Amino acid sequence: MKIPAKYSVKGKDDRVRCVLCPYNCLIAEGCRGVCGIRGNEHGVLMAEAYNTVSAMHLDPIEKKPLYHFHPGSSILSVGTIGCSFNCMFCQNWELVEGQAPTHEITGERLYEYARQMDSIGMAYTYNEPFIWFEFVYDTAALFREKGMVNVLVTNGFVNPGPLEDIVPLIDAMNIDLKALDDDFYKRICKGRLDPVKHTIEYVLKKGVHVELTNLLVTGHNTSEEQIRRLVDYVASLGKDTVLHFSRYFPSYKLDAPATPMEVLEFAYGYARKKLNYVYVGNVIDSKTDSTYCPRCRGLLIERVGYTVRVAGLKGGRCGTCGERIGIRV
């Protein structure tokens, strides 16, 4: 189903400019923008995949990954096709390139599924949710009205106006901070860093629960200097900012070897000096996957894979020393 898209400016000769994301694509008649799902039909910008779903699963909230937001719960997760980036290491490239099968669904049906599955709400994920803006916005409004939560798993690459419009409906976000290096964004992801930093800083100020993920891609953003620079930026946002490092494995157009364990160990060790909550994903290690009190180091939440045990957390505080912990339960 296609509908007229939000955030467009008419150009000359039936061209139309999409101003949803910082690419600000100027699109000729019959063509689409970089994302692949916003196109020009007779001078009108159309959202071509409004209610088109390519993937739908009930996932652990930890899979997003969100470790400080309703730990141990499940959330219905959906995505469509297309993306505003073209990351060389993309693990969901079939969705991005539109090769995955799709079907249509309504927000109302998604709400019914979520309710029947005992989901805490809806996660918009798998591909980039911001390019699916109209459907995400309408569905998020419905879920908010029904008292359920909305989660975005995003690259954070969006213009300020659309971001400001949708944030009041969003409870939590996991944002990929791919590197603190604009050259990495341009070469490896075909994006830019500054809009992502704006998104992170804006949503934190608005009180959205935010966790950041950094995929350590061997030979591209894994030097000690690059890791230190990223961690120092995250620490500047506040010591309680949650940072997930994730192990890269060869995928799509990139065949660099998997992230060496010594790189992950350095990243974890350096970040733990600056931040209260640091995790390492794509590695089965309860030590780097579990949550500890930053004050007394007591175990709060034990994680082994997606098996979660809330051990020492009581009413948002450490059960041992009483330290207030920034975990939404």
# chains A, B, ... in the order shown; residues from 1 in each chain; ligands from 1
call {"tool": "residues_around", "arguments": {"residues": "Ile75 (chain A)", "least_positions_apart": "5", "cutoff": "8 Å", "atoms": "only C-alpha atoms", "output": "list of chain:residue names"}}
result
A:Leu58, A:Asp59, A:Pro60, A:Ile61, A:Ala114, A:Ser119, A:Ile120, A:Gly121, A:Met122, A:Ala123
call {"tool": "select_by_dssp", "arguments": {"residues": "region 58-271 of chain A", "states": "strand (DSSP E or B)", "output": "PyMOL selection string"}}
result
chain A and resi 58-60+69+74-79+103-104+121-124+149-154+172-176+209-216+242-247+251+254
call {"tool": "write_last_selection", "arguments": {"atoms": "N, CA and C atoms", "output": "short mmCIF file (atom, residue, chain, number, x, y, z; two decimals), in the first residue's frame"}}
result
data_model
loop_
_atom_site.label_atom_id
_atom_site.label_comp_id
_atom_site.auth_asym_id
_atom_site.auth_seq_id
_atom_site.Cartn_x
_atom_site.Cartn_y
_atom_site.Cartn_z
N LEU A 58 8.57 -12.37 17.77
CA LEU A 58 8.54 -12.03 19.19
C LEU A 58 9.95 -12.26 19.72
N ASP A 59 10.63 -11.19 20.11
CA ASP A 59 12.03 -11.26 20.51
C ASP A 59 12.20 -10.93 21.99
N PRO A 60 13.26 -11.46 22.60
CA PRO A 60 13.65 -10.93 23.91
C PRO A 60 14.05 -9.46 23.75
N PHE A 69 15.97 -1.86 30.00
CA PHE A 69 14.59 -1.51 29.69
C PHE A 69 13.76 -2.78 29.77
N SER A 74 9.55 -9.74 26.65
CA SER A 74 9.52 -9.99 25.21
C SER A 74 8.82 -8.85 24.50
N ILE A 75 9.21 -8.61 23.24
CA ILE A 75 8.61 -7.52 22.48
C ILE A 75 8.40 -7.95 21.03
N LEU A 76 7.21 -7.70 20.52
CA LEU A 76 6.92 -7.97 19.12
C LEU A 76 7.75 -7.03 18.26
N SER A 77 8.43 -7.58 17.26
CA SER A 77 9.39 -6.80 16.47
C SER A 77 9.06 -6.93 14.99
N VAL A 78 9.05 -5.79 14.29
CA VAL A 78 8.72 -5.79 12.87
C VAL A 78 9.68 -4.91 12.09
N GLY A 79 9.83 -5.22 10.81
CA GLY A 79 10.61 -4.39 9.91
C GLY A 79 10.06 -4.49 8.51
N HIS A 103 4.60 -8.93 3.19
CA HIS A 103 3.15 -8.99 3.20
C HIS A 103 2.62 -7.72 3.87
N GLU A 104 1.36 -7.45 3.70
CA GLU A 104 0.76 -6.25 4.28
C GLU A 104 0.10 -6.57 5.62
N GLY A 121 5.11 -4.34 23.98
CA GLY A 121 4.82 -3.30 22.99
C GLY A 121 5.34 -3.68 21.64
N MET A 122 5.88 -2.69 20.92
CA MET A 122 6.33 -2.90 19.55
C MET A 122 7.73 -2.35 19.36
N ALA A 123 8.60 -3.15 18.72
CA ALA A 123 9.93 -2.69 18.31
C ALA A 123 9.97 -2.59 16.80
N TYR A 124 10.43 -1.47 16.31
CA TYR A 124 10.58 -1.23 14.88
C TYR A 124 12.06 -1.41 14.59
N VAL A 149 4.50 0.00 24.96
CA VAL A 149 5.71 0.78 24.68
C VAL A 149 6.10 0.68 23.21
N ASN A 150 6.89 1.66 22.78
CA ASN A 150 7.44 1.70 21.42
C ASN A 150 8.96 1.81 21.50
N VAL A 151 9.63 0.97 20.70
CA VAL A 151 11.09 0.91 20.69
C VAL A 151 11.58 1.08 19.25
N LEU A 152 12.57 1.93 19.06
CA LEU A 152 13.23 2.06 17.76
C LEU A 152 14.64 1.49 17.85
N VAL A 153 15.00 0.65 16.89
CA VAL A 153 16.38 0.19 16.72
C VAL A 153 16.87 0.81 15.43
N THR A 154 17.77 1.78 15.52
CA THR A 154 17.98 2.71 14.41
C THR A 154 19.44 3.11 14.23
N ALA A 172 11.93 3.94 24.08
CA ALA A 172 13.32 3.51 24.15
C ALA A 172 13.89 3.39 22.75
N MET A 173 15.21 3.61 22.66
CA MET A 173 15.91 3.49 21.38
C MET A 173 17.25 2.81 21.61
N ASN A 174 17.59 1.90 20.71
CA ASN A 174 18.98 1.49 20.58
C ASN A 174 19.50 2.12 19.30
N ILE A 175 20.56 2.91 19.43
CA ILE A 175 21.11 3.65 18.30
C ILE A 175 22.49 3.11 17.99
N ASP A 176 22.72 2.76 16.72
CA ASP A 176 24.04 2.34 16.28
C ASP A 176 24.94 3.56 16.18
N HIS A 209 14.68 6.50 26.85
CA HIS A 209 15.70 5.56 27.28
C HIS A 209 16.56 5.19 26.08
N VAL A 210 17.87 5.41 26.18
CA VAL A 210 18.78 5.22 25.05
C VAL A 210 19.91 4.27 25.44
N GLU A 211 20.18 3.30 24.57
CA GLU A 211 21.38 2.48 24.67
C GLU A 211 22.07 2.52 23.32
N LEU A 212 23.39 2.54 23.33
CA LEU A 212 24.19 2.68 22.12
C LEU A 212 24.90 1.37 21.80
N THR A 213 25.02 1.07 20.51
CA THR A 213 25.73 -0.12 20.07
C THR A 213 26.84 0.27 19.10
N ASN A 214 28.02 -0.28 19.31
CA ASN A 214 29.15 -0.07 18.43
C ASN A 214 29.67 -1.43 17.95
N LEU A 215 29.49 -1.71 16.66
CA LEU A 215 30.02 -2.93 16.05
C LEU A 215 31.49 -2.68 15.71
N LEU A 216 32.36 -3.49 16.27
CA LEU A 216 33.81 -3.31 16.06
C LEU A 216 34.22 -4.11 14.83
N VAL A 242 24.44 3.65 28.50
CA VAL A 242 24.69 2.23 28.28
C VAL A 242 25.35 2.03 26.91
N LEU A 243 26.48 1.34 26.90
CA LEU A 243 27.22 1.09 25.67
C LEU A 243 27.40 -0.41 25.46
N HIS A 244 26.99 -0.87 24.27
CA HIS A 244 27.17 -2.25 23.86
C HIS A 244 28.23 -2.30 22.77
N PHE A 245 29.33 -2.99 23.00
CA PHE A 245 30.22 -3.35 21.91
C PHE A 245 29.71 -4.67 21.33
N SER A 246 29.86 -4.82 20.02
CA SER A 246 29.37 -6.03 19.38
C SER A 246 30.46 -6.60 18.48
N ARG A 247 30.62 -7.91 18.53
CA ARG A 247 31.62 -8.56 17.70
C ARG A 247 31.13 -8.68 16.26
N SER A 251 30.32 -10.47 6.54
CA SER A 251 28.95 -10.48 6.03
C SER A 251 28.84 -9.54 4.83
N LEU A 254 31.76 -7.35 2.99
CA LEU A 254 32.99 -7.20 3.76
C LEU A 254 33.47 -8.56 4.24
#
call {"tool": "residues_around", "arguments": {"residues": "Ile166 (chain A)", "least_positions_apart": "5", "cutoff": "12 Å", "atoms": "only C-alpha atoms", "output": "VMD selection string"}}
result
chain A and resid 20 129 to 130 132 to 141 144 150 to 152 158 to 161 171 to 173 199 203 206 208
call {"tool": "write_last_selection", "arguments": {"atoms": "C-alpha atoms", "output": "mmCIF file, in the first residue's frame"}}
result
data_model
loop_
_atom_site.group_PDB
_atom_site.id
_atom_site.type_symbol
_atom_site.label_atom_id
_atom_site.label_comp_id
_atom_site.auth_asym_id
_atom_site.auth_seq_id
_atom_site.Cartn_x
_atom_site.Cartn_y
_atom_site.Cartn_z
ATOM 1 C CA LEU A 20 13.090 12.989 5.987
ATOM 2 C CA PRO A 129 12.648 2.343 10.920
ATOM 3 C CA PHE A 130 12.981 6.057 10.176
ATOM 4 C CA TRP A 132 9.238 3.713 7.335
ATOM 5 C CA PHE A 133 8.208 6.883 9.120
ATOM 6 C CA GLU A 134 4.503 7.097 8.313
ATOM 7 C CA PHE A 135 3.658 3.541 9.363
ATOM 8 C CA VAL A 136 5.904 3.677 12.432
ATOM 9 C CA TYR A 137 4.350 6.959 13.527
ATOM 10 C CA ASP A 138 0.757 5.760 13.080
ATOM 11 C CA THR A 139 1.411 2.410 14.759
ATOM 12 C CA ALA A 140 3.380 3.980 17.608
ATOM 13 C CA ALA A 141 0.478 6.355 18.257
ATOM 14 C CA ARG A 144 0.857 4.522 23.031
ATOM 15 C CA ASN A 150 7.435 1.704 21.422
ATOM 16 C CA VAL A 151 11.088 0.909 20.688
ATOM 17 C CA LEU A 152 13.234 2.059 17.761
ATOM 18 C CA VAL A 158 17.199 11.460 10.420
ATOM 19 C CA ASN A 159 16.527 15.167 10.067
ATOM 20 C CA PRO A 160 15.673 17.195 13.193
ATOM 21 C CA GLY A 161 12.052 17.934 12.224
ATOM 22 C CA ASP A 171 9.918 4.991 24.963
ATOM 23 C CA ALA A 172 13.322 3.507 24.146
ATOM 24 C CA MET A 173 15.910 3.488 21.383
ATOM 25 C CA THR A 199 19.874 12.277 17.305
ATOM 26 C CA VAL A 203 16.638 12.028 22.479
ATOM 27 C CA LYS A 206 13.999 14.402 25.891
ATOM 28 C CA VAL A 208 13.930 8.656 25.981
#
call {"tool": "closest_residue", "arguments": {"among": "A:Tyr202, A:Gly315, A:Tyr113, A:Thr259", "to": "His57 (chain A)", "atoms": "only C-alpha atoms"}}
result
A:Tyr113
call {"tool": "closest_residue", "arguments": {"among": "A:Cys18, A:Met88, A:Ala258, A:Val34", "to": "Lys6 (chain A)", "atoms": "only C-alpha atoms"}}
result
A:Cys18
call {"tool": "atom_distance", "arguments": {"atom1": "CA of Tyr23 (chain A)", "atom2": "CA of Cys189 (chain A)"}}
result
13.0 Å
call {"tool": "residues_around", "arguments": {"residues": "region 316-322 of chain A", "least_positions_apart": "6", "cutoff": "9 Å", "atoms": "only C-alpha atoms", "output": "list in words"}}
result
Tyr292, Cys293, Arg295, Cys296, Gly298, Leu299, Leu300, Arg328 and Val329 of chain A
call {"tool": "write_last_selection", "arguments": {"atoms": "C-alpha atoms", "output": "compact mmCIF listing (two decimals), in the first residue's frame"}}
result
# COMPACT_ATOMS: atom_id res chain seq x y z
CA TYR A 292 26.71 -5.04 38.10
CA CYS A 293 26.15 -2.26 40.61
CA ARG A 295 29.02 1.26 43.50
CA CYS A 296 29.47 -2.12 45.23
CA GLY A 298 27.14 -6.66 43.27
CA LEU A 299 25.46 -8.74 40.57
CA LEU A 300 22.15 -7.16 39.55
CA ARG A 328 13.32 0.71 33.66
CA VAL A 329 11.32 -2.26 34.91
call {"tool": "select_by_dssp", "arguments": {"residues": "region 112-285 of chain A", "states": "helix (DSSP H, G or I)", "output": "VMD selection string"}}
result
chain A and resid 112 to 116 129 to 145 160 to 169 182 to 189 194 to 205 224 to 236 261 to 274
call {"tool": "closest_residue", "arguments": {"among": "A:Val310, A:Leu193, A:Cys87, A:Ile3", "to": "Phe157 (chain A)", "atoms": "only C-alpha atoms"}}
result
A:Leu193
call {"tool": "closest_residue", "arguments": {"among": "A:Asn86, A:Thr307, A:Thr222, A:Asn40", "to": "Glu62 (chain A)", "atoms": "only C-alpha atoms"}}
result
A:Thr307
call {"tool": "residues_around", "arguments": {"residues": "Leu45 (chain A)", "least_positions_apart": "6", "cutoff": "6 Å", "atoms": "only C-alpha atoms", "output": "list in words"}}
result
Pro4, Ala5 and Gly39 of chain A
call {"tool": "residues_around", "arguments": {"residues": "Asp255 (chain A)", "least_positions_apart": "5", "cutoff": "10 Å", "atoms": "only C-alpha atoms", "output": "list in words"}}
result
Met88, Phe89, Thr218, Phe249 and Pro250 of chain A
call {"tool": "closest_residue", "arguments": {"among": "A:Lys63, A:Arg309, A:Arg38, A:Lys274", "to": "Ser290 (chain A)", "atoms": "only C-alpha atoms"}}
result
A:Arg309
call {"tool": "closest_residue", "arguments": {"among": "A:Thr288, A:Thr102, A:Ser236, A:Ser84", "to": "Arg32 (chain A)", "atoms": "only C-alpha atoms"}}
result
A:Ser84
call {"tool": "residues_around", "arguments": {"residues": "Gly238 (chain A)", "least_positions_apart": "2", "cutoff": "10 Å", "atoms": "only C-alpha atoms", "output": "NGL selection string"}}
result
:A and (204 or 233-236 or 240-242 or 274-276)
call {"tool": "write_last_selection", "arguments": {"atoms": "N, CA and C atoms", "output": "short mmCIF file (atom, residue, chain, number, x, y, z; two decimals), in the first residue's frame"}}
result
data_model
loop_
_atom_site.label_atom_id
_atom_site.label_comp_id
_atom_site.auth_asym_id
_atom_site.auth_seq_id
_atom_site.Cartn_x
_atom_site.Cartn_y
_atom_site.Cartn_z
N LEU A 204 18.29 11.89 24.27
CA LEU A 204 18.67 11.82 25.68
C LEU A 204 18.10 13.00 26.46
N TYR A 233 33.52 10.05 23.92
CA TYR A 233 32.30 10.77 23.53
C TYR A 233 31.09 10.23 24.30
N VAL A 234 30.95 8.92 24.38
CA VAL A 234 29.82 8.33 25.10
C VAL A 234 29.86 8.76 26.56
N ALA A 235 31.04 8.77 27.15
CA ALA A 235 31.17 9.19 28.55
C ALA A 235 30.77 10.65 28.74
N SER A 236 30.99 11.47 27.71
CA SER A 236 30.60 12.89 27.81
C SER A 236 29.09 13.06 27.89
N ASP A 240 26.25 7.02 33.11
CA ASP A 240 25.25 5.96 33.10
C ASP A 240 24.78 5.59 31.69
N THR A 241 25.32 6.25 30.66
CA THR A 241 24.96 5.90 29.29
C THR A 241 25.37 4.45 29.03
N VAL A 242 24.44 3.65 28.50
CA VAL A 242 24.69 2.23 28.28
C VAL A 242 25.35 2.03 26.91
N LYS A 274 35.40 4.42 32.24
CA LYS A 274 34.72 5.68 31.96
C LYS A 274 33.21 5.61 32.17
N LEU A 275 32.65 4.40 32.05
CA LEU A 275 31.20 4.22 32.05
C LEU A 275 30.78 3.19 33.08
N ASN A 276 29.58 3.34 33.59
CA ASN A 276 29.07 2.40 34.59
C ASN A 276 28.53 1.11 33.99
#
